[in-house]
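Source file target26.pdb; content: PDB, C-alpha atoms.
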ATOM      1  CA  MET W   1       0.000   0.000   0.000  1.00  0.00           C
ATOM      2  CA  GLU W   2       2.842   2.353   0.825  1.00  0.00           C
ATOM      3  CA  LYS W   3       4.484   1.718  -2.565  1.00  0.00           C
ATOM      4  CA  LEU W   4       1.168   2.301  -4.274  1.00  0.00           C
ATOM      5  CA  ALA W   5       0.727   5.600  -2.453  1.00  0.00           C
ATOM      6  CA  ILE W   6       4.227   6.719  -3.488  1.00  0.00           C
ATOM      7  CA  ASN W   7       3.576   5.752  -7.112  1.00  0.00           C
ATOM      8  CA  ILE W   8       0.359   7.768  -7.098  1.00  0.00           C
ATOM      9  CA  MET W   9       1.959  10.786  -5.405  1.00  0.00           C
ATOM     10  CA  LYS W  10       4.834  11.109  -7.902  1.00  0.00           C
ATOM     11  CA  PRO W  11       2.721  11.944 -10.969  1.00  0.00           C
ATOM     12  CA  LEU W  12       0.470  14.086  -8.794  1.00  0.00           C
ATOM     13  CA  MET W  13       3.450  16.122  -7.554  1.00  0.00           C
ATOM     14  CA  LEU W  14       4.742  16.479 -11.115  1.00  0.00           C
ATOM     15  CA  PHE W  15       1.336  17.696 -12.236  1.00  0.00           C
ATOM     16  CA  VAL W  16       1.211  20.264  -9.429  1.00  0.00           C
ATOM     17  CA  CYS W  17       4.734  21.494 -10.309  1.00  0.00           C
ATOM     18  CA  PHE W  18       3.695  21.816 -13.952  1.00  0.00           C
ATOM     19  CA  LEU W  19       0.694  23.933 -12.960  1.00  0.00           C
ATOM     20  CA  ILE W  20       2.839  26.212 -10.802  1.00  0.00           C
ATOM     21  CA  VAL W  21       5.402  26.777 -13.577  1.00  0.00           C
ATOM     22  CA  SER W  22       2.801  27.260 -16.295  1.00  0.00           C
ATOM     23  CA  CYS W  23       0.989  29.886 -14.208  1.00  0.00           C
ATOM     24  CA  ALA W  24       4.154  31.875 -13.498  1.00  0.00           C
ATOM     25  CA  THR W  25       4.604  35.147 -15.342  1.00  0.00           C
ATOM     26  CA  ILE W  26       7.796  36.968 -16.194  1.00  0.00           C
ATOM     27  CA  THR W  27       8.638  40.493 -15.188  1.00  0.00           C
ATOM     28  CA  VAL W  28      10.195  42.379 -18.099  1.00  0.00           C
ATOM     29  CA  ASN W  29      11.677  45.727 -17.178  1.00  0.00           C
ATOM     30  CA  VAL W  30      11.229  48.165 -20.056  1.00  0.00           C
ATOM     31  CA  TYR W  31      14.034  50.697 -19.761  1.00  0.00           C
ATOM     32  CA  PHE W  32      12.719  54.132 -20.683  1.00  0.00           C
ATOM     33  CA  PRO W  33      15.534  56.570 -21.615  1.00  0.00           C
ATOM     34  CA  ALA W  34      13.752  59.754 -20.549  1.00  0.00           C
ATOM     35  CA  GLU W  35      16.390  62.293 -21.594  1.00  0.00           C
ATOM     36  CA  GLU W  36      16.914  60.721 -25.008  1.00  0.00           C
ATOM     37  CA  VAL W  37      13.142  60.652 -25.540  1.00  0.00           C
ATOM     38  CA  ARG W  38      12.882  64.366 -24.727  1.00  0.00           C
ATOM     39  CA  ASP W  39      15.756  65.084 -27.136  1.00  0.00           C
ATOM     40  CA  ALA W  40      13.952  63.196 -29.903  1.00  0.00           C
ATOM     41  CA  TYR W  41      10.705  65.070 -29.269  1.00  0.00           C
ATOM     42  CA  SER W  42      12.529  68.421 -29.146  1.00  0.00           C
ATOM     43  CA  SER W  43      14.484  67.743 -32.316  1.00  0.00           C
ATOM     44  CA  LEU W  44      11.354  66.851 -34.293  1.00  0.00           C
ATOM     45  CA  GLU W  45       9.373  69.774 -32.853  1.00  0.00           C
ATOM     46  CA  GLU W  46      12.123  72.189 -33.896  1.00  0.00           C
ATOM     47  CA  GLU W  47      12.634  70.627 -37.288  1.00  0.00           C
ATOM     48  CA  PHE W  48       9.032  70.434 -38.442  1.00  0.00           C
ATOM     49  CA  LEU W  49       7.271  73.203 -36.536  1.00  0.00           C
ATOM     50  CA  GLU W  50       9.938  75.917 -36.534  1.00  0.00           C
ATOM     51  CA  GLN W  51      11.145  75.132 -40.043  1.00  0.00           C
ATOM     52  CA  ASP W  52       7.591  75.639 -41.299  1.00  0.00           C
ATOM     53  CA  ASP W  53       7.524  79.117 -39.751  1.00  0.00           C
ATOM     54  CA  GLU W  54      10.888  80.033 -41.288  1.00  0.00           C
ATOM     55  CA  ASP W  55       9.835  78.887 -44.748  1.00  0.00           C
ATOM     56  CA  GLY W  56       6.594  80.885 -44.507  1.00  0.00           C
ATOM     57  CA  SER W  57       4.739  78.037 -46.180  1.00  0.00           C
ATOM     58  CA  GLY W  58       1.673  78.628 -43.998  1.00  0.00           C
ATOM     59  CA  ALA W  59       1.535  82.402 -44.511  1.00  0.00           C
ATOM     60  CA  ASP W  60      -0.408  82.644 -47.781  1.00  0.00           C
ATOM     61  CA  GLY W  61      -0.921  79.018 -48.816  1.00  0.00           C
ATOM     62  CA  ALA W  62       1.132  79.586 -51.973  1.00  0.00           C
ATOM     63  CA  SER W  63       3.056  76.369 -51.672  1.00  0.00           C
ATOM     64  CA  GLU W  64       1.646  73.029 -50.558  1.00  0.00           C
ATOM     65  CA  ALA W  65       4.543  70.885 -51.759  1.00  0.00           C
ATOM     66  CA  VAL W  66       5.601  68.232 -49.280  1.00  0.00           C
ATOM     67  CA  SER W  67       9.348  67.790 -49.001  1.00  0.00           C
ATOM     68  CA  PRO W  68      10.832  64.317 -48.544  1.00  0.00           C
ATOM     69  CA  THR W  69      11.462  63.103 -45.016  1.00  0.00           C
ATOM     70  CA  PRO W  70      14.650  64.825 -43.791  1.00  0.00           C
ATOM     71  CA  LYS W  71      17.648  62.799 -42.739  1.00  0.00           C
ATOM     72  CA  PRO W  72      18.024  62.205 -38.999  1.00  0.00           C
ATOM     73  CA  GLN W  73      19.329  65.230 -37.161  1.00  0.00           C
ATOM     74  CA  SER W  74      20.486  65.680 -33.599  1.00  0.00           C
ATOM     75  CA  ARG W  75      21.400  68.690 -31.519  1.00  0.00           C
ATOM     76  CA  ASN W  76      23.807  66.628 -29.457  1.00  0.00           C
ATOM     77  CA  VAL W  77      26.879  64.544 -30.219  1.00  0.00           C
ATOM     78  CA  TYR W  78      26.526  61.177 -28.578  1.00  0.00           C
ATOM     79  CA  PRO W  79      29.254  58.624 -27.790  1.00  0.00           C
ATOM     80  CA  ASP W  80      29.511  55.362 -29.709  1.00  0.00           C
ATOM     81  CA  GLU W  81      28.373  53.429 -26.677  1.00  0.00           C
ATOM     82  CA  PRO W  82      24.915  54.341 -25.338  1.00  0.00           C
ATOM     83  CA  THR W  83      24.714  55.949 -21.924  1.00  0.00           C
ATOM     84  CA  LEU W  84      21.505  56.360 -19.972  1.00  0.00           C
ATOM     85  CA  SER W  85      21.820  59.619 -18.082  1.00  0.00           C
ATOM     86  CA  GLU W  86      18.210  59.465 -16.939  1.00  0.00           C
ATOM     87  CA  THR W  87      16.349  56.185 -17.041  1.00  0.00           C
ATOM     88  CA  LYS W  88      12.920  55.103 -15.903  1.00  0.00           C
ATOM     89  CA  VAL W  89      11.674  51.536 -15.620  1.00  0.00           C
ATOM     90  CA  VAL W  90       8.244  50.333 -16.667  1.00  0.00           C
ATOM     91  CA  VAL W  91       7.274  46.861 -15.427  1.00  0.00           C
ATOM     92  CA  ILE W  92       5.368  44.811 -17.995  1.00  0.00           C
ATOM     93  CA  LYS W  93       4.481  41.694 -15.960  1.00  0.00           C
ATOM     94  CA  ARG W  94       5.092  40.466 -12.433  1.00  0.00           C
ATOM     95  CA  GLU W  95       6.530  37.622 -10.380  1.00  0.00           C
ATOM     96  CA  ILE W  96       9.802  36.385 -11.921  1.00  0.00           C
ATOM     97  CA  SER W  97      12.282  39.206 -12.537  1.00  0.00           C
ATOM     98  CA  LEU W  98      14.649  39.128 -15.495  1.00  0.00           C
ATOM     99  CA  ASP W  99      17.062  41.946 -16.333  1.00  0.00           C
ATOM    100  CA  PHE W 100      17.415  42.568 -20.073  1.00  0.00           C
ATOM    101  CA  ALA W 101      19.257  45.907 -19.722  1.00  0.00           C
ATOM    102  CA  ASN W 102      22.544  44.902 -21.349  1.00  0.00           C
ATOM    103  CA  TYR W 103      20.846  43.086 -24.222  1.00  0.00           C
ATOM    104  CA  ALA W 104      18.303  45.845 -24.809  1.00  0.00           C
ATOM    105  CA  TRP W 105      20.888  48.569 -25.411  1.00  0.00           C
ATOM    106  CA  ALA W 106      23.534  46.445 -27.100  1.00  0.00           C
ATOM    107  CA  GLN W 107      22.562  47.452 -30.632  1.00  0.00           C
ATOM    108  CA  GLY W 108      23.992  50.973 -30.553  1.00  0.00           C
ATOM    109  CA  ASN W 109      23.180  54.621 -29.951  1.00  0.00           C
ATOM    110  CA  ILE W 110      19.835  54.976 -28.158  1.00  0.00           C
ATOM    111  CA  SER W 111      18.985  58.449 -29.457  1.00  0.00           C
ATOM    112  CA  GLN W 112      19.719  57.378 -33.008  1.00  0.00           C
ATOM    113  CA  GLN W 113      17.553  54.274 -32.621  1.00  0.00           C
ATOM    114  CA  ILE W 114      14.621  56.349 -31.363  1.00  0.00           C
ATOM    115  CA  ASP W 115      15.024  58.928 -34.137  1.00  0.00           C
ATOM    116  CA  GLN W 116      15.222  56.314 -36.883  1.00  0.00           C
ATOM    117  CA  LYS W 117      12.194  54.414 -35.648  1.00  0.00           C
ATOM    118  CA  LEU W 118      10.039  57.556 -35.433  1.00  0.00           C
ATOM    119  CA  ARG W 119      11.061  58.679 -38.913  1.00  0.00           C
ATOM    120  CA  ALA W 120      10.139  55.245 -40.253  1.00  0.00           C
ATOM    121  CA  MET W 121       6.536  55.784 -39.091  1.00  0.00           C
ATOM    122  CA  PRO W 122       4.657  57.724 -41.831  1.00  0.00           C
ATOM    123  CA  ASP W 123       1.740  58.518 -39.513  1.00  0.00           C
ATOM    124  CA  VAL W 124       4.094  60.198 -37.022  1.00  0.00           C
ATOM    125  CA  ILE W 125       5.804  62.322 -39.702  1.00  0.00           C
ATOM    126  CA  ASN W 126       2.436  63.258 -41.214  1.00  0.00           C
ATOM    127  CA  ALA W 127       1.212  64.272 -37.742  1.00  0.00           C
ATOM    128  CA  TYR W 128       4.166  66.644 -37.313  1.00  0.00           C
ATOM    129  CA  ARG W 129       3.544  68.157 -40.751  1.00  0.00           C
ATOM    130  CA  ALA W 130      -0.151  68.645 -40.018  1.00  0.00           C
ATOM    131  CA  ARG W 131       0.689  70.298 -36.692  1.00  0.00           C
ATOM    132  CA  ALA W 132       3.065  72.684 -38.453  1.00  0.00           C
ATOM    133  CA  LYS W 133       0.252  73.933 -40.693  1.00  0.00           C
ATOM    134  CA  ARG W 134      -1.942  74.882 -37.745  1.00  0.00           C
ATOM    135  CA  GLN W 135       0.840  76.102 -35.455  1.00  0.00           C
ATOM    136  CA  ASP W 136      -0.156  79.787 -35.735  1.00  0.00           C
ATOM    137  CA  VAL W 137      -3.718  79.019 -34.636  1.00  0.00           C
ATOM    138  CA  ILE W 138      -2.544  76.898 -31.704  1.00  0.00           C
ATOM    139  CA  ASP W 139      -0.011  79.523 -30.603  1.00  0.00           C
ATOM    140  CA  GLN W 140      -2.701  82.178 -30.699  1.00  0.00           C
ATOM    141  CA  MET W 141      -5.041  80.095 -28.526  1.00  0.00           C
ATOM    142  CA  LEU W 142      -2.209  79.460 -26.075  1.00  0.00           C
ATOM    143  CA  SER W 143      -1.295  83.143 -25.882  1.00  0.00           C
ATOM    144  CA  GLN W 144      -4.953  84.051 -25.315  1.00  0.00           C
ATOM    145  CA  ARG W 145      -5.087  81.355 -22.603  1.00  0.00           C
ATOM    146  CA  LYS W 146      -8.031  79.702 -24.254  1.00  0.00           C
ATOM    147  CA  VAL W 147      -6.086  76.434 -24.065  1.00  0.00           C
ATOM    148  CA  ALA W 148      -3.112  75.207 -22.044  1.00  0.00           C
ATOM    149  CA  GLU W 149      -0.542  72.434 -22.187  1.00  0.00           C
ATOM    150  CA  GLY W 150      -1.809  69.461 -20.174  1.00  0.00           C
ATOM    151  CA  SER W 151       0.204  67.006 -18.083  1.00  0.00           C
ATOM    152  CA  GLN W 152      -0.386  64.176 -20.574  1.00  0.00           C
ATOM    153  CA  GLY W 153       0.909  65.997 -23.640  1.00  0.00           C
ATOM    154  CA  LEU W 154      -2.490  67.160 -24.906  1.00  0.00           C
ATOM    155  CA  LEU W 155      -4.067  70.606 -25.032  1.00  0.00           C
ATOM    156  CA  VAL W 156      -6.643  71.365 -22.358  1.00  0.00           C
ATOM    157  CA  LYS W 157      -9.541  73.803 -22.865  1.00  0.00           C
ATOM    158  CA  LYS W 158      -9.601  76.804 -20.547  1.00  0.00           C
ATOM    159  CA  SER W 159     -12.433  78.813 -22.111  1.00  0.00           C
ATOM    160  CA  SER W 160     -14.967  78.661 -24.937  1.00  0.00           C
ATOM    161  CA  LEU W 161     -13.646  78.239 -28.477  1.00  0.00           C
ATOM    162  CA  THR W 162     -15.019  79.175 -31.862  1.00  0.00           C
ATOM    163  CA  SER W 163     -15.940  76.358 -34.235  1.00  0.00           C
ATOM    164  CA  ALA W 164     -12.691  76.874 -36.160  1.00  0.00           C
ATOM    165  CA  GLN W 165     -10.672  76.851 -32.957  1.00  0.00           C
ATOM    166  CA  THR W 166     -12.468  73.728 -31.746  1.00  0.00           C
ATOM    167  CA  SER W 167     -11.616  71.983 -35.006  1.00  0.00           C
ATOM    168  CA  ALA W 168      -7.946  72.961 -34.645  1.00  0.00           C
ATOM    169  CA  PHE W 169      -7.962  71.914 -30.987  1.00  0.00           C
ATOM    170  CA  ASN W 170      -9.335  68.445 -31.773  1.00  0.00           C
ATOM    171  CA  ALA W 171      -7.032  67.926 -34.746  1.00  0.00           C
ATOM    172  CA  GLU W 172      -3.980  68.998 -32.716  1.00  0.00           C
ATOM    173  CA  ASN W 173      -4.734  66.545 -29.925  1.00  0.00           C
ATOM    174  CA  ALA W 174      -5.376  63.751 -32.425  1.00  0.00           C
ATOM    175  CA  ASP W 175      -1.946  64.343 -34.010  1.00  0.00           C
ATOM    176  CA  ARG W 176      -0.263  64.514 -30.595  1.00  0.00           C
ATOM    177  CA  ARG W 177      -1.764  61.144 -29.687  1.00  0.00           C
ATOM    178  CA  ILE W 178      -0.290  59.657 -32.871  1.00  0.00           C
ATOM    179  CA  ILE W 179       3.162  61.031 -32.004  1.00  0.00           C
ATOM    180  CA  ILE W 180       3.051  59.826 -28.399  1.00  0.00           C
ATOM    181  CA  GLN W 181       1.817  56.397 -29.516  1.00  0.00           C
ATOM    182  CA  GLY W 182       4.688  56.219 -32.004  1.00  0.00           C
ATOM    183  CA  MET W 183       7.205  57.045 -29.281  1.00  0.00           C
ATOM    184  CA  ALA W 184       5.787  54.344 -27.013  1.00  0.00           C
ATOM    185  CA  ARG W 185       6.087  51.809 -29.822  1.00  0.00           C
ATOM    186  CA  ALA W 186       9.682  52.864 -30.512  1.00  0.00           C
ATOM    187  CA  ILE W 187      10.642  52.404 -26.849  1.00  0.00           C
ATOM    188  CA  VAL W 188       9.077  48.946 -26.728  1.00  0.00           C
ATOM    189  CA  GLU W 189      10.918  47.929 -29.902  1.00  0.00           C
ATOM    190  CA  ILE W 190      14.354  49.118 -28.763  1.00  0.00           C
ATOM    191  CA  ASN W 191      13.811  47.038 -25.622  1.00  0.00           C
ATOM    192  CA  ASN W 192      13.509  44.071 -28.015  1.00  0.00           C
ATOM    193  CA  LEU W 193       9.906  43.400 -27.046  1.00  0.00           C
ATOM    194  CA  ALA W 194       6.958  42.742 -29.315  1.00  0.00           C
ATOM    195  CA  PRO W 195       5.017  45.990 -29.988  1.00  0.00           C
ATOM    196  CA  THR W 196       1.741  44.504 -28.797  1.00  0.00           C
ATOM    197  CA  PRO W 197      -1.044  46.869 -27.668  1.00  0.00           C
ATOM    198  CA  GLU W 198      -0.529  45.628 -24.094  1.00  0.00           C
ATOM    199  CA  ASN W 199       3.202  46.444 -24.091  1.00  0.00           C
ATOM    200  CA  ILE W 200       2.719  49.800 -25.821  1.00  0.00           C
ATOM    201  CA  ASN W 201      -0.005  50.835 -23.370  1.00  0.00           C
ATOM    202  CA  LYS W 202       2.343  50.143 -20.447  1.00  0.00           C
ATOM    203  CA  VAL W 203       4.880  52.647 -21.840  1.00  0.00           C
ATOM    204  CA  LEU W 204       2.317  55.157 -23.154  1.00  0.00           C
ATOM    205  CA  PRO W 205       1.841  57.194 -19.933  1.00  0.00           C
ATOM    206  CA  GLU W 206       5.589  57.853 -19.597  1.00  0.00           C
ATOM    207  CA  ALA W 207       5.867  58.739 -23.305  1.00  0.00           C
ATOM    208  CA  ALA W 208       3.006  61.213 -22.798  1.00  0.00           C
ATOM    209  CA  ARG W 209       4.601  62.781 -19.711  1.00  0.00           C
ATOM    210  CA  GLN W 210       7.888  63.353 -21.538  1.00  0.00           C
ATOM    211  CA  PHE W 211       6.070  64.947 -24.492  1.00  0.00           C
ATOM    212  CA  ALA W 212       4.215  67.219 -22.058  1.00  0.00           C
ATOM    213  CA  SER W 213       7.517  68.176 -20.449  1.00  0.00           C
ATOM    214  CA  VAL W 214       8.948  69.236 -23.815  1.00  0.00           C
ATOM    215  CA  ARG W 215       5.840  71.231 -24.706  1.00  0.00           C
ATOM    216  CA  ARG W 216       5.758  73.060 -21.354  1.00  0.00           C
ATOM    217  CA  ASN W 217       9.450  73.959 -21.553  1.00  0.00           C
TER
END
Now, as a test, write the supplied structure out as structure tokens.
Amino acid sequence: MEKLAINIMKPLMLFVCFLIVSCATITVNVYFPAEEVRDAYSSLEEEFLEQDDEDGSGADGASEAVSPTPKPQSRNVYPDEPTLSETKVVVIKREISLDFANYAWAQGNISQQIDQKLRAMPDVINAYRARAKRQDVIDQMLSQRKVAEGSQGLLVKKSSLTSAQTSAFNAENADRRIIIQGMARAIVEINNLAPTPENINKVLPEAARQFASVRRN
């Protein structure tokens, strides 16, 4: 009887162990390079929004030609090896902790990776170009304090708007969401994770906060 009990317990214990292992989840730390993200946002804001003002393309509507996507630019000179001067961590799942930091950044310059990934997203580039065309209207609403920069990177209404201003307000926030979503996807990808909606949504709040920081400054 004792042998029989042992023989029955062995497969039962194995089954229980299998259930425990199969139910375990893995913690993946997504390393969020905050300073490099702000640099990427700032660089694109300056390039597309300020360049549009200098060219005067929105002044009289005389030219609607769309120039090809510019080559990556950077205001800073970065070392060959990536350095994270300011890093945040976003936890994807819980329980078993694995550190992918060395592998995640092993492919080269972080700022360059972010820049290249954003420029490879047509919806992000189109969003910047659309924002440039309405920049005068948005600046006017900001100066009149009809709207303000929110903490999540979107404009916030402060007073009543005309129908034209409401249209610009809604379009601006829609384009900002596209840009922030693109940044979140880029961060997930340079961490060598699948850009699933679940993973992107985990990074999205931090991507929005960094965009808001750039806009407020």
Hey, what's within 7 Å of segment 123-135 of chain W if we count only C-alpha atoms and toss same-chain stuff fewer than 4 positions away? As a PDB file with C-alpha atoms, in the frame of the given file, please?
ATOM      1  CA  PHE W  48       9.032  70.434 -38.442  1.00  0.00           C
ATOM      2  CA  LEU W  49       7.271  73.203 -36.536  1.00  0.00           C
ATOM      3  CA  ASP W  52       7.591  75.639 -41.299  1.00  0.00           C
ATOM      4  CA  GLY W  58       1.673  78.628 -43.998  1.00  0.00           C
ATOM      5  CA  LEU W 118      10.039  57.556 -35.433  1.00  0.00           C
ATOM      6  CA  ARG W 119      11.061  58.679 -38.913  1.00  0.00           C
ATOM      7  CA  ASP W 139      -0.011  79.523 -30.603  1.00  0.00           C
ATOM      8  CA  GLU W 172      -3.980  68.998 -32.716  1.00  0.00           C
ATOM      9  CA  ASP W 175      -1.946  64.343 -34.010  1.00  0.00           C
ATOM     10  CA  ILE W 178      -0.290  59.657 -32.871  1.00  0.00           C
ATOM     11  CA  ILE W 179       3.162  61.031 -32.004  1.00  0.00           C
ATOM     12  CA  GLY W 182       4.688  56.219 -32.004  1.00  0.00           C
TER      13      GLY W 182
END
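The nearest approach to Gln165 of chain W among the residues W:Gln181, W:Gln140, W:Gln152, W:Asn192, with only C-alpha atoms taken into account, belongs to W:Gln140.
The two atoms in question, atom CA of Asp115 of chain W and atom CA of Glu46 of chain W, are spaced 13.6 Å apart.
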Query raised in the report: So what do you get for atom CA of Ala186 of chain W versus atom CA of Gln116 of chain W, distance-wise?
Result: 9.1 Å
Query raised in the report: Near Asn173 of chain W, counting only C-alpha atoms, which residues have an atom at most 9 Å away, once you skip same-chain residues fewer than 3 positions from it, shown as a count of residues only?
Result: 9
Query - Close residues, Thr196 of chain W itself excluded, 9 Å, only C-alpha atoms, min 5 positions apart in chain, as an MDAnalysis selection string - result: chainID W and resid 185 188 201
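Atom CA of Val37 of chain W is positioned 19.3 Å from atom CA of Ala194 of chain W.
If you measure from each of W:Tyr41, W:Arg215, W:Phe32, W:Asn109 to Ala148 of chain W using all atoms listed in the file, the closest one turns out to be W:Arg215.
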Query raised in the report: Near Val147 of chain W, within 8 Å and counting only C-alpha atoms, which residues show up once chain neighbours fewer than 2 positions away are dropped, as a PyMOL selection string?
Result: chain W and resi 141-142+144-145+149+155-159
Query - Result set, the PyMOL selection byres ((chain W and resi 39) around 10) on current file, as a PyMOL selection string - result: chain W and resi 34-38+40-45+74-76+111+114-115+210+214
Shell around Ala207 of chain W at 7 Å using only C-alpha atoms, local window under 3 positions removed, as a PDB file with C-alpha atoms, in the frame of the given file:
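New file result_28.pdb:
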ATOM      1  CA  ILE W 180       3.051  59.826 -28.399  1.00  0.00           C
ATOM      2  CA  MET W 183       7.205  57.045 -29.281  1.00  0.00           C
ATOM      3  CA  ALA W 184       5.787  54.344 -27.013  1.00  0.00           C
ATOM      4  CA  VAL W 203       4.880  52.647 -21.840  1.00  0.00           C
ATOM      5  CA  LEU W 204       2.317  55.157 -23.154  1.00  0.00           C
ATOM      6  CA  GLN W 210       7.888  63.353 -21.538  1.00  0.00           C
ATOM      7  CA  PHE W 211       6.070  64.947 -24.492  1.00  0.00           C
TER       8      PHE W 211
END
